[in-house]
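**Q** Below is one structure. I have some questions about it.
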Amino acid sequence: MPHRMKTRLPALLSLLVFMLAVQAGATGGTIEGKVTFTGKPRRSPLIQMGADPNCLTINAGRKTVQQDLVVSRDGSVANVFLHIVDDIPYGGPPPAEPVTIEQEGCIYHPRVSGAMIGQYLNVRNNDNTLHNIRAQSEANFFNVGQPFSGLEFDFRLEKAEVMLQLKCDVHDWMVGYIGVKSHPYFAVSGKDGTFRIEGVPVGRYTLQAWGETLGAQDREIEVKEGETVTVDFVFPPE
Ligand SMILES: [Cu+2]
């Protein structure tokens, strides 16, 4: 081995070790924030379930409202899908656990959820009545009937789609949404309007907030290693 290489080798090795350590320790950054509604408060429409007496019986006289805009008294908005629009390369597998949606009281629970390509969607009928689950979609199409309680339907999500809409043809008020992404960098706002997306690779991205009756808002953001970027959304846009 020539003399020059001999002396450089330890330096190169330590550089390599350093680079590997940096790479192994790189866990990306966090995005968090809150979704707020500052518009005129509106009453959610009451669902008329008379078309199916079974649904009336199941709900036992309870009044059920359409959850197309869920706003708390302080303006916090739930059920908003937040996702990085950019196609971030992701080498990991989709979550082994399916995204579960229950049909209960002739309503989808949850109404809005997120999933990754390759992940299974599991839709369960907890009602003693007929539901059919139809995807209003060409990317991830299915249409199955579930005539009684206890039935489950599993579907492997194939393509990215924001949003995949679920519909029941028996009960036209039944609507649900699933954001299907190629990466795991998404979240759904909770009752307090907050959301958190962890482990996002460093970079500049477009973060989108999608609300069923609110439309979509995009924000340019920068994620830095080990840091948290706070992104708040206000609807309607100011
Ligand atoms: Cu139904």
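Letters A, B, ... mark the chains of the structure tokens in the order given; residue numbers begin at 1 per chain; ligand numbers begin at 1, in order shown.
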Mind checking which residues fall within 12 Å of Ser182 in chain A, counting only C-alpha atoms, ignoring those fewer than 5 positions away in the same chain, and posting them as a CSV table (one decimal) with N, CA and C atoms, in the first residue's frame?
**A**
chain,number,residue,atom,x,y,z
A,83,HIS,N,-51.9,16.6,4.9
A,83,HIS,CA,-50.9,15.7,4.3
A,83,HIS,C,-49.9,16.5,3.5
A,84,ILE,N,-48.7,15.9,3.3
A,84,ILE,CA,-47.7,16.5,2.5
A,84,ILE,C,-48.0,16.1,1.1
A,85,VAL,N,-48.2,17.1,0.2
A,85,VAL,CA,-48.6,16.9,-1.2
A,85,VAL,C,-47.5,16.2,-2.0
A,86,ASP,N,-46.3,16.6,-1.7
A,86,ASP,CA,-45.1,16.1,-2.4
A,86,ASP,C,-45.0,14.5,-2.3
A,87,ASP,N,-44.5,13.9,-3.4
A,87,ASP,CA,-44.4,12.5,-3.4
A,87,ASP,C,-43.0,12.1,-2.8
A,88,ILE,N,-43.0,12.1,-1.5
A,88,ILE,CA,-41.7,11.8,-0.8
A,88,ILE,C,-41.4,10.3,-0.9
A,89,PRO,N,-40.2,10.0,-1.4
A,89,PRO,CA,-39.9,8.6,-1.4
A,89,PRO,C,-39.9,7.9,-0.1
A,90,TYR,N,-40.6,6.8,0.1
A,90,TYR,CA,-40.6,6.1,1.3
A,90,TYR,C,-40.4,4.6,1.1
A,91,GLY,N,-39.3,4.1,1.8
A,91,GLY,CA,-38.9,2.8,1.6
A,91,GLY,C,-39.6,1.8,2.5
A,92,GLY,N,-40.2,2.2,3.5
A,92,GLY,CA,-40.8,1.3,4.5
A,92,GLY,C,-42.1,0.7,4.0
A,93,PRO,N,-42.5,-0.4,4.7
A,93,PRO,CA,-43.8,-1.0,4.4
A,93,PRO,C,-45.0,-0.2,4.9
A,94,PRO,N,-46.2,-0.4,4.3
A,94,PRO,CA,-47.3,0.2,4.8
A,94,PRO,C,-47.7,-0.4,6.2
A,95,PRO,N,-48.4,0.3,7.1
A,95,PRO,CA,-48.7,-0.3,8.4
A,95,PRO,C,-49.4,-1.6,8.2
A,114,GLY,N,-56.9,8.4,7.3
A,114,GLY,CA,-55.8,8.4,6.3
A,114,GLY,C,-55.2,7.0,6.2
A,115,ALA,N,-54.7,6.7,5.1
A,115,ALA,CA,-54.1,5.3,4.9
A,115,ALA,C,-52.9,5.4,3.9
A,116,MET,N,-52.1,4.4,3.9
A,116,MET,CA,-51.0,4.3,2.9
A,116,MET,C,-51.3,3.3,1.8
A,117,ILE,N,-50.8,3.5,0.6
A,117,ILE,CA,-50.9,2.5,-0.5
A,117,ILE,C,-50.4,1.2,0.1
A,118,GLY,N,-51.1,0.2,-0.2
A,118,GLY,CA,-50.7,-1.2,0.3
A,118,GLY,C,-51.3,-1.5,1.6
A,119,GLN,N,-51.9,-0.6,2.3
A,119,GLN,CA,-52.5,-0.8,3.6
A,119,GLN,C,-53.9,-1.3,3.3
A,157,LEU,N,-55.7,-1.0,-0.5
A,157,LEU,CA,-55.7,0.2,-1.2
A,157,LEU,C,-54.5,0.2,-2.2
A,158,GLU,N,-54.9,0.6,-3.4
A,158,GLU,CA,-53.9,0.4,-4.5
A,158,GLU,C,-53.2,1.7,-5.0
A,159,LYS,N,-53.9,2.8,-4.9
A,159,LYS,CA,-53.4,4.0,-5.5
A,159,LYS,C,-53.6,5.2,-4.6
A,160,ALA,N,-52.7,6.2,-4.8
A,160,ALA,CA,-52.8,7.4,-4.0
A,160,ALA,C,-54.1,8.1,-4.4
A,161,GLU,N,-54.8,8.7,-3.4
A,161,GLU,CA,-56.0,9.4,-3.7
A,161,GLU,C,-56.4,10.3,-2.6
A,162,VAL,N,-56.6,11.6,-2.9
A,162,VAL,CA,-57.1,12.5,-1.9
A,162,VAL,C,-58.3,13.3,-2.5
**Q** So which residues of range 13-210 of chain A fall under strand (DSSP E) by DSSP, listed as JSON, numbers by chain?
**A** {"A": [29, 30, 31, 32, 33, 34, 35, 36, 37, 70, 71, 77, 78, 81, 82, 83, 84, 99, 100, 101, 102, 103, 108, 109, 112, 113, 114, 115, 116, 120, 121, 122, 123, 124, 125, 131, 132, 133, 134, 135, 143, 144, 145, 146, 152, 153, 154, 155, 156, 161, 162, 163, 164, 165, 166, 167, 175, 176, 177, 178, 179, 180, 181, 186, 187, 188, 194, 195, 196, 197, 198, 199, 200, 203, 204, 205, 206, 207, 208, 209, 210]}
**Q** Within 10 Å of ligand 1, which residues show up when you count only C-alpha atoms and all ligand atoms? List them as a tab-separated table (two decimals) with C-alpha atoms, in the first residue's frame, please.
**A**
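Written output follows (out_5.tsv):
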chain	number	residue	atom	x	y	z
A	52	ASP	CA	-84.77	2.80	6.71
A	55	CYS	CA	-81.72	2.89	11.30
A	103	GLN	CA	-70.84	1.34	10.20
A	104	GLU	CA	-72.75	1.97	13.37
A	105	GLY	CA	-76.06	3.72	13.82
A	106	CYS	CA	-76.09	4.02	10.02
A	107	ILE	CA	-73.06	6.34	10.09
A	108	TYR	CA	-69.38	5.81	9.28
A	125	ASN	CA	-71.15	-3.59	9.71
A	127	ASP	CA	-75.92	-2.58	12.35
A	129	THR	CA	-79.54	-3.63	8.46
A	130	LEU	CA	-78.23	-3.68	4.90
A	131	HIS	CA	-75.34	-1.38	4.05
A	132	ASN	CA	-73.45	-1.30	0.83
A	133	ILE	CA	-69.99	0.16	0.66
A	134	ARG	CA	-69.18	1.83	-2.60
A	145	GLY	CA	-73.21	-5.28	0.09
A	146	GLN	CA	-73.32	-6.16	3.78
A	147	PRO	CA	-76.82	-7.41	4.60
A	167	LYS	CA	-70.89	6.05	-0.03
A	168	CYS	CA	-73.80	3.83	0.94
A	169	ASP	CA	-76.46	3.51	-1.73
A	170	VAL	CA	-79.05	2.30	0.77
A	171	HIS	CA	-78.61	5.34	3.02
A	172	ASP	CA	-77.65	8.35	0.95
A	173	TRP	CA	-76.59	10.35	4.04
A	174	MET	CA	-73.76	7.90	4.74
A	175	VAL	CA	-70.52	9.49	3.56
**Q** For Leu151 in chain A, which of A:Arg219, A:Arg124, A:Lys191, A:Lys224 is the closest residue, counting only C-alpha atoms?
**A**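 For Leu151 in chain A, the nearest of the candidates is A:Arg124.
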**Q** Taking only C-alpha atoms into account, produce a table as CSV in which each residue of range 48-155 of chain A with an atom at most 10 Å from an atom of range 231-235 of chain A appears once, together with its shortest atom pair and the distance in Å to one decimal, ordered by chain and rising number.
**A**
residue,atom,partner,partner_atom,distance
A:Gly75,CA,A:Val234,CA,9.5
A:Ser76,CA,A:Val234,CA,9.6
A:Val77,CA,A:Phe235,CA,9.1
**Q** Let's have the selection written as a JSON list (two decimals), in the first residue's frame, with C-alpha atoms.
**A**
[["chain", "number", "residue", "atom", "x", "y", "z"],
["A", 75, "GLY", "CA", -63.53, 27.14, 16.69],
["A", 76, "SER", "CA", -61.38, 23.98, 16.63],
["A", 77, "VAL", "CA", -62.08, 21.84, 13.57]]
**Q** Nearest residue to Thr228 in chain A out of A:Gly199, A:Pro110, A:Gly61, A:Gly215, using only C-alpha atoms?
**A**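 Closest residue, counting only C-alpha atoms: A:Gly199.
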**Q** When you count only C-alpha atoms, which of these residues is closest to Leu166 in chain A: A:Val123, A:Phe186, A:Gly150, A:Asp192?
**A** A:Val123
**Q** Using only C-alpha atoms, pick whichever of A:Phe195, A:His109, A:Gln66, A:Asp218 has the shortest atom-to-atom distance to Thr230 in chain A.
**A** A:Phe195
**Q** Considering only C-alpha atoms, return as a VMD selection string whatever protein or nucleic-acid residues lie within 7 Å of Pro98 in chain A, sequence-local ones (same chain, fewer than 3 positions apart) excluded.
**A** chain A and resid 119 to 122
**Q** Quick one: pull the distance between CA of Tyr205 in chain A and CA of Leu164 in chain A, Å, one decimal.
**A**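 For CA of Tyr205 in chain A relative to CA of Leu164 in chain A, the distance reads 22.4 Å.
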**Q** Just want the 12 Å neighbourhood of Val70 in chain A, counted on only C-alpha atoms, with same-chain residues fewer than 2 positions away dropped. Output as a PyMOL selection string.
**A** chain A and resi 35-37+41-45+65-68+72-80+111-112+189-193+211-214
**Q** To test your reading of the structure, identify every residue in range 5-238 of chain A that backbone DSSP assigns to alpha helix (DSSP H), and report it as a list in words.
**A** Met5, Lys6, Thr7, Arg8, Leu9, Pro10, Ala11, Leu12, Leu13, Ser14, Leu15, Leu16, Val17, Phe18, Met19, Leu20, Ala21, Val22, Gln23, Ala24, Gly25, Pro53, Asn54, Cys55, Leu56, Thr57, Ile58 and Asn59 of chain A
**Q** Rounded to one decimal in Å, what is the spacing between CA of Thr27 in chain A and CA of Ala209 in chain A?
**A**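 Atom-to-atom, CA of Thr27 in chain A to CA of Ala209 in chain A, that is 23.7 Å.
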**Q** Quick one, how far is CA of Glu227 in chain A from CA of Glu32 in chain A?
**A**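 One can read the CA of Glu227 in chain A to CA of Glu32 in chain A distance as 10.7 Å.
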